[in-house]
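One file, protein_0.cif, carrying mmCIF, C-alpha atoms:
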```
data_protein
#
loop_
_atom_site.group_PDB
_atom_site.id
_atom_site.type_symbol
_atom_site.label_atom_id
_atom_site.label_comp_id
_atom_site.auth_asym_id
_atom_site.auth_seq_id
_atom_site.Cartn_x
_atom_site.Cartn_y
_atom_site.Cartn_z
ATOM 1 C CA MET V 1 0.000 0.000 0.000
ATOM 2 C CA THR V 2 1.437 3.344 -1.071
ATOM 3 C CA THR V 3 0.202 6.626 0.363
ATOM 4 C CA THR V 4 0.675 9.675 -1.844
ATOM 5 C CA LEU V 5 0.495 13.020 -0.076
ATOM 6 C CA ILE V 6 -0.128 16.114 -2.214
ATOM 7 C CA ILE V 7 0.411 19.515 -0.649
ATOM 8 C CA ASP V 8 -0.431 22.841 -2.243
ATOM 9 C CA HIS V 9 0.889 25.629 -0.061
ATOM 10 C CA PRO V 10 3.860 27.839 -0.997
ATOM 11 C CA TRP V 11 5.074 28.612 2.527
ATOM 12 C CA LYS V 12 7.096 25.874 4.249
ATOM 13 C CA GLU V 13 6.241 27.281 7.705
ATOM 14 C CA SER V 14 2.493 27.132 7.062
ATOM 15 C CA PHE V 15 0.078 25.182 9.218
ATOM 16 C CA ASN V 16 -0.593 23.014 6.150
ATOM 17 C CA HIS V 17 3.077 21.999 6.093
ATOM 18 C CA GLY V 18 2.741 21.242 9.801
ATOM 19 C CA VAL V 19 -0.045 18.804 8.879
ATOM 20 C CA LEU V 20 2.175 17.263 6.180
ATOM 21 C CA ASN V 21 5.101 16.897 8.587
ATOM 22 C CA LYS V 22 2.946 15.154 11.214
ATOM 23 C CA LEU V 23 1.550 12.754 8.608
ATOM 24 C CA VAL V 24 5.016 11.940 7.262
ATOM 25 C CA ALA V 25 6.316 11.365 10.799
ATOM 26 C CA GLY V 26 3.470 8.931 11.478
ATOM 27 C CA LEU V 27 3.980 7.065 8.209
ATOM 28 C CA GLU V 28 7.705 6.763 8.886
ATOM 29 C CA GLN V 29 7.148 5.588 12.448
ATOM 30 C CA ASP V 30 4.764 2.902 11.185
ATOM 31 C CA GLN V 31 7.211 2.060 8.368
ATOM 32 C CA LYS V 32 4.592 2.640 5.678
ATOM 33 C CA ILE V 33 5.424 3.366 2.061
ATOM 34 C CA TYR V 34 4.673 6.956 1.065
ATOM 35 C CA GLN V 35 5.582 9.621 -1.461
ATOM 36 C CA VAL V 36 5.099 13.384 -1.350
ATOM 37 C CA ILE V 37 4.071 15.665 -4.182
ATOM 38 C CA ASP V 38 4.814 19.268 -3.203
ATOM 39 C CA LEU V 39 3.334 21.232 -6.084
ATOM 40 C CA ASN V 40 5.090 24.469 -5.154
ATOM 41 C CA LYS V 41 8.482 22.919 -4.425
ATOM 42 C CA ASP V 42 8.264 21.016 -7.727
ATOM 43 C CA GLY V 43 7.591 24.251 -9.608
ATOM 44 C CA PHE V 44 4.415 22.765 -11.075
ATOM 45 C CA ASN V 45 2.821 25.100 -13.617
ATOM 46 C CA PRO V 46 -0.962 24.797 -13.229
ATOM 47 C CA VAL V 47 -1.730 26.700 -16.433
ATOM 48 C CA MET V 48 -2.890 24.589 -19.365
ATOM 49 C CA LYS V 49 -0.924 25.907 -22.342
ATOM 50 C CA GLU V 50 -2.184 25.960 -25.914
ATOM 51 C CA GLU V 51 0.151 23.165 -27.015
ATOM 52 C CA GLU V 52 -0.963 21.008 -24.054
ATOM 53 C CA LEU V 53 -4.603 21.580 -24.872
ATOM 54 C CA ALA V 54 -3.921 20.575 -28.488
ATOM 55 C CA VAL V 55 -3.006 17.035 -27.326
ATOM 56 C CA TYR V 56 -5.417 16.906 -24.357
ATOM 57 C CA LYS V 57 -8.189 15.053 -26.184
ATOM 58 C CA SER V 58 -5.846 12.174 -27.028
ATOM 59 C CA GLY V 59 -4.656 11.916 -23.413
ATOM 60 C CA SER V 60 -1.123 12.882 -24.433
ATOM 61 C CA VAL V 61 1.200 14.767 -22.118
ATOM 62 C CA LEU V 62 3.962 17.243 -22.945
ATOM 63 C CA ASP V 63 5.089 18.124 -19.412
ATOM 64 C CA PRO V 64 7.533 15.561 -17.897
ATOM 65 C CA LEU V 65 6.377 16.549 -14.396
ATOM 66 C CA VAL V 66 2.805 15.576 -15.296
ATOM 67 C CA LEU V 67 4.079 12.172 -16.499
ATOM 68 C CA HIS V 68 5.929 11.784 -13.195
ATOM 69 C CA TYR V 69 2.767 12.576 -11.229
ATOM 70 C CA MET V 70 0.789 10.078 -13.313
ATOM 71 C CA ASN V 71 3.335 7.364 -12.522
ATOM 72 C CA LEU V 72 3.098 8.162 -8.808
ATOM 73 C CA LEU V 73 -0.705 7.939 -8.916
ATOM 74 C CA ARG V 74 -0.510 4.526 -10.613
ATOM 75 C CA GLU V 75 1.223 3.232 -7.454
ATOM 76 C CA THR V 76 -1.173 4.959 -5.059
ATOM 77 C CA THR V 77 -3.695 3.137 -2.900
ATOM 78 C CA GLN V 78 -4.312 6.033 -0.503
ATOM 79 C CA LEU V 79 -4.304 9.682 -1.547
ATOM 80 C CA VAL V 80 -3.948 12.547 0.920
ATOM 81 C CA LEU V 81 -4.589 16.152 -0.144
ATOM 82 C CA ILE V 82 -3.488 19.082 2.027
ATOM 83 C CA PHE V 83 -4.344 22.668 1.113
ATOM 84 C CA PRO V 84 -5.863 25.915 2.374
ATOM 85 C CA ILE V 85 -9.221 27.208 1.223
ATOM 86 C CA TRP V 86 -8.571 30.537 -0.501
ATOM 87 C CA TRP V 87 -11.535 32.454 -1.896
ATOM 88 C CA TYR V 88 -13.806 29.430 -1.419
ATOM 89 C CA SER V 89 -11.609 27.077 -3.427
ATOM 90 C CA SER V 90 -8.256 25.356 -3.549
ATOM 91 C CA PRO V 91 -5.111 27.212 -4.598
ATOM 92 C CA ALA V 92 -4.439 27.307 -8.342
ATOM 93 C CA SER V 93 -1.793 24.581 -8.352
ATOM 94 C CA LEU V 94 -4.188 21.908 -7.071
ATOM 95 C CA LYS V 95 -6.851 22.886 -9.606
ATOM 96 C CA GLY V 96 -4.195 22.772 -12.333
ATOM 97 C CA PHE V 97 -3.096 19.350 -11.079
ATOM 98 C CA LEU V 98 -6.644 18.071 -11.563
ATOM 99 C CA ASP V 99 -6.845 19.616 -15.038
ATOM 100 C CA LYS V 100 -3.442 18.506 -16.312
ATOM 101 C CA VAL V 101 -2.875 15.133 -14.582
ATOM 102 C CA LEU V 102 -6.309 13.518 -14.389
ATOM 103 C CA LEU V 103 -6.527 13.004 -18.141
ATOM 104 C CA ASN V 104 -8.768 11.024 -20.431
ATOM 105 C CA GLU V 105 -7.410 7.488 -20.891
ATOM 106 C CA PHE V 106 -5.425 7.803 -17.649
ATOM 107 C CA ALA V 107 -7.856 8.785 -14.894
ATOM 108 C CA PHE V 108 -11.058 8.225 -16.847
ATOM 109 C CA PHE V 109 -12.371 7.263 -20.238
ATOM 110 C CA ASP V 110 -14.994 9.316 -21.998
ATOM 111 C CA GLY V 111 -16.021 7.771 -25.282
ATOM 112 C CA GLY V 112 -19.104 9.955 -25.512
ATOM 113 C CA ASN V 113 -21.307 7.922 -23.181
ATOM 114 C CA GLY V 114 -20.225 9.535 -19.927
ATOM 115 C CA ILE V 115 -17.158 9.244 -17.765
ATOM 116 C CA GLN V 116 -15.859 5.775 -16.913
ATOM 117 C CA PRO V 117 -13.356 5.773 -14.014
ATOM 118 C CA LEU V 118 -9.898 4.296 -14.615
ATOM 119 C CA LEU V 119 -8.083 5.004 -11.350
ATOM 120 C CA SER V 120 -8.619 2.711 -8.422
ATOM 121 C CA ILE V 121 -7.555 4.426 -5.222
ATOM 122 C CA ASP V 122 -8.996 2.855 -2.086
ATOM 123 C CA SER V 123 -9.171 5.954 0.099
ATOM 124 C CA VAL V 124 -8.760 9.704 -0.067
ATOM 125 C CA VAL V 125 -8.223 11.908 2.961
ATOM 126 C CA VAL V 126 -8.488 15.664 2.508
ATOM 127 C CA PHE V 127 -7.106 18.150 5.042
ATOM 128 C CA THR V 128 -8.064 21.788 4.531
ATOM 129 C CA THR V 129 -7.670 24.945 6.554
ATOM 130 C CA SER V 130 -9.074 28.443 6.404
ATOM 131 C CA ASP V 131 -8.964 31.672 8.340
ATOM 132 C CA GLN V 132 -12.748 31.779 8.140
ATOM 133 C CA PRO V 133 -14.804 29.841 10.667
ATOM 134 C CA THR V 134 -15.913 26.508 9.204
ATOM 135 C CA ALA V 135 -19.630 27.248 9.629
ATOM 136 C CA GLY V 136 -19.293 30.607 7.876
ATOM 137 C CA LEU V 137 -17.297 29.093 5.029
ATOM 138 C CA GLU V 138 -19.880 26.388 4.448
ATOM 139 C CA GLN V 139 -22.751 28.876 4.669
ATOM 140 C CA ARG V 140 -21.186 31.334 2.213
ATOM 141 C CA CYS V 141 -20.298 28.847 -0.486
ATOM 142 C CA THR V 142 -22.834 26.103 0.285
ATOM 143 C CA ARG V 143 -20.024 23.576 0.496
ATOM 144 C CA SER V 144 -19.192 24.016 -3.195
ATOM 145 C CA TYR V 145 -15.468 23.743 -2.522
ATOM 146 C CA LYS V 146 -16.044 20.215 -1.210
ATOM 147 C CA HIS V 147 -18.574 19.164 -3.812
ATOM 148 C CA GLN V 148 -16.411 20.088 -6.810
ATOM 149 C CA LEU V 149 -13.401 18.142 -5.575
ATOM 150 C CA THR V 150 -15.212 15.068 -4.237
ATOM 151 C CA THR V 151 -17.309 14.734 -7.396
ATOM 152 C CA THR V 152 -14.168 14.897 -9.540
ATOM 153 C CA LEU V 153 -12.381 12.295 -7.429
ATOM 154 C CA GLU V 154 -15.384 9.953 -7.386
ATOM 155 C CA ASP V 155 -15.802 10.283 -11.163
ATOM 156 C CA ILE V 156 -12.297 8.928 -11.752
ATOM 157 C CA GLY V 157 -12.611 5.966 -9.380
ATOM 158 C CA MET V 158 -11.486 7.169 -5.974
ATOM 159 C CA ARG V 159 -13.421 5.809 -3.025
ATOM 160 C CA ASN V 160 -13.867 6.365 0.698
ATOM 161 C CA ILE V 161 -13.289 10.104 0.680
ATOM 162 C CA SER V 162 -13.075 11.791 4.070
ATOM 163 C CA TRP V 163 -12.626 15.509 4.614
ATOM 164 C CA HIS V 164 -11.164 17.224 7.681
ATOM 165 C CA HIS V 165 -11.437 20.997 7.741
ATOM 166 C CA LEU V 166 -9.998 23.279 10.382
ATOM 167 C CA GLY V 167 -11.398 26.789 10.269
ATOM 168 C CA SER V 168 -10.399 29.966 12.107
ATOM 169 C CA VAL V 169 -6.734 28.918 12.012
ATOM 170 C CA LYS V 170 -5.492 32.463 12.659
ATOM 171 C CA ASN V 171 -7.493 32.592 15.900
ATOM 172 C CA LEU V 172 -6.291 29.292 17.350
ATOM 173 C CA THR V 173 -4.053 29.196 20.380
ATOM 174 C CA GLU V 174 -0.737 27.398 20.143
ATOM 175 C CA GLU V 175 -2.215 24.650 22.313
ATOM 176 C CA GLU V 176 -5.189 24.220 19.955
ATOM 177 C CA ARG V 177 -2.857 24.067 16.936
ATOM 178 C CA LEU V 178 -0.666 21.412 18.547
ATOM 179 C CA GLU V 179 -3.701 19.403 19.649
ATOM 180 C CA TYR V 180 -5.031 19.365 16.068
ATOM 181 C CA LEU V 181 -1.635 18.451 14.621
ATOM 182 C CA ASP V 182 -1.315 15.601 17.107
ATOM 183 C CA SER V 183 -4.643 14.205 15.852
ATOM 184 C CA VAL V 184 -4.069 14.274 12.065
ATOM 185 C CA TYR V 185 -2.303 10.945 11.670
ATOM 186 C CA SER V 186 -5.173 9.104 13.349
ATOM 187 C CA LYS V 187 -7.437 10.369 10.528
ATOM 188 C CA LEU V 188 -5.599 8.374 7.824
#
```
Just dump the structure as structure tokens.
Amino acid sequence: MTTTLIIDHPWKESFNHGVLNKLVAGLEQDQKIYQVIDLNKDGFNPVMKEEELAVYKSGSVLDPLVLHYMNLLRETTQLVLIFPIWWYSSPASLKGFLDKVLLNEFAFFDGGNGIQPLLSIDSVVVFTTSDQPTAGLEQRCTRSYKHQLTTTLEDIGMRNISWHHLGSVKNLTEEERLEYLDSVYSKL
């Protein structure tokens, strides 16, 4: 079983990186196989370029980093996503990852009769944070940030999706932050 952790946050000292570090520490302690995709550290370009779009329909890839990510996902049985909610959505790099990596004939097949999933990932765990209170975030965007991502993941064959959101991060005490971080590994 291989766990693939994807983080989309540019600042290494962020709370999101704290979540990543706690998860990695737990995986290492339990001697589990894992791999990390750090979209910002990798310099991933989330923008679909004209030449990429020209080969998109055939499922072809021009970016070697995208091919690398596809190979990592082929080995994945558990996917973990870590990102902040900015303006009621994920940061651009994660959205670009979905657009550029989850391609026809890799993640799904669409022969005109609807999407047929091609990836088989047993579980997905999503960790998100926001400065907004969780209740306010869900009220303002009627949970659309969750629906868009979970629907996409389900459409390509990912199962058992759980979501853990921590709101009001900027208002948490140091004790509350540490308590949350100490609990993240148990959510895998």
Surrounding residues of stretch 39-50 of chain V excluding itself and chain neighbours under 5 positions, 12 Å, only C-alpha atoms, as a VMD selection string: chain V and resid 5 to 12 17 55 to 56 61 to 69 81 to 83 91 to 101
From V:Thr150, V:Ser168, V:Thr173, V:Thr129, residue lying nearest V:Ser14 [all atoms listed in the file]: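 Nearest to V:Ser14: V:Thr129.
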Kindly give the distance, in Å, that separates atom CA of V:Gln35 and atom CA of V:Leu118, rounded to a single decimal.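 Here the two named atoms are 21.0 Å from each other.
In terms of minimum interatomic distance to V:Val184, V:Val125 ranks closest within V:Leu172, V:Leu102, V:Val125, V:Ile156, counting only C-alpha atoms.
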Exactly which residues make up the result of the PyMOL selection byres ((chain V and resi 169-171) around 10) on this file, given as a PyMOL selection string? chain V and resi 15+129-134+166-168+172-174+176-177
Å distance separating atom CA of V:Thr128 from atom CA of V:Glu28, one decimal place: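 One can read the atom CA of V:Thr128 to atom CA of V:Glu28 distance as 22.2 Å.
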Top pick for closest residue to V:Phe106, considering V:Leu79, V:Leu20, V:Leu53, V:Leu73 and counting all atoms listed in the file: V:Leu73
Considering all atoms listed in the file, return as a PyMOL selection string whatever protein or nucleic-acid residues lie within 12 Å of V:Gln148, sequence-local ones (same chain, fewer than 6 positions apart) excluded. chain V and resi 88-90+95+98+141-142+154-155
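Coordinates place atom CA of V:Leu72 at a distance of 15.3 Å from atom CA of V:Ser123.
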Apply the PyMOL selection byres ((chain V and resi 2) around 12) to the structure shown and report the selected residues as a list in words.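 Evaluating the PyMOL selection byres ((chain V and resi 2) around 12) on this file yields Met1, Thr3, Thr4, Leu5, Leu27, Gln31, Lys32, Ile33, Tyr34, Gln35, Val36, Leu72, Leu73, Arg74, Glu75, Thr76, Thr77, Gln78, Leu79, Val80, Ile121, Asp122 and Ser123 of chain V.
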All residues 9 Å or closer to V:Tyr185, all atoms listed in the file, same chain fewer than 4 positions away omitted, as a PyMOL selection string: chain V and resi 19+22-27+181
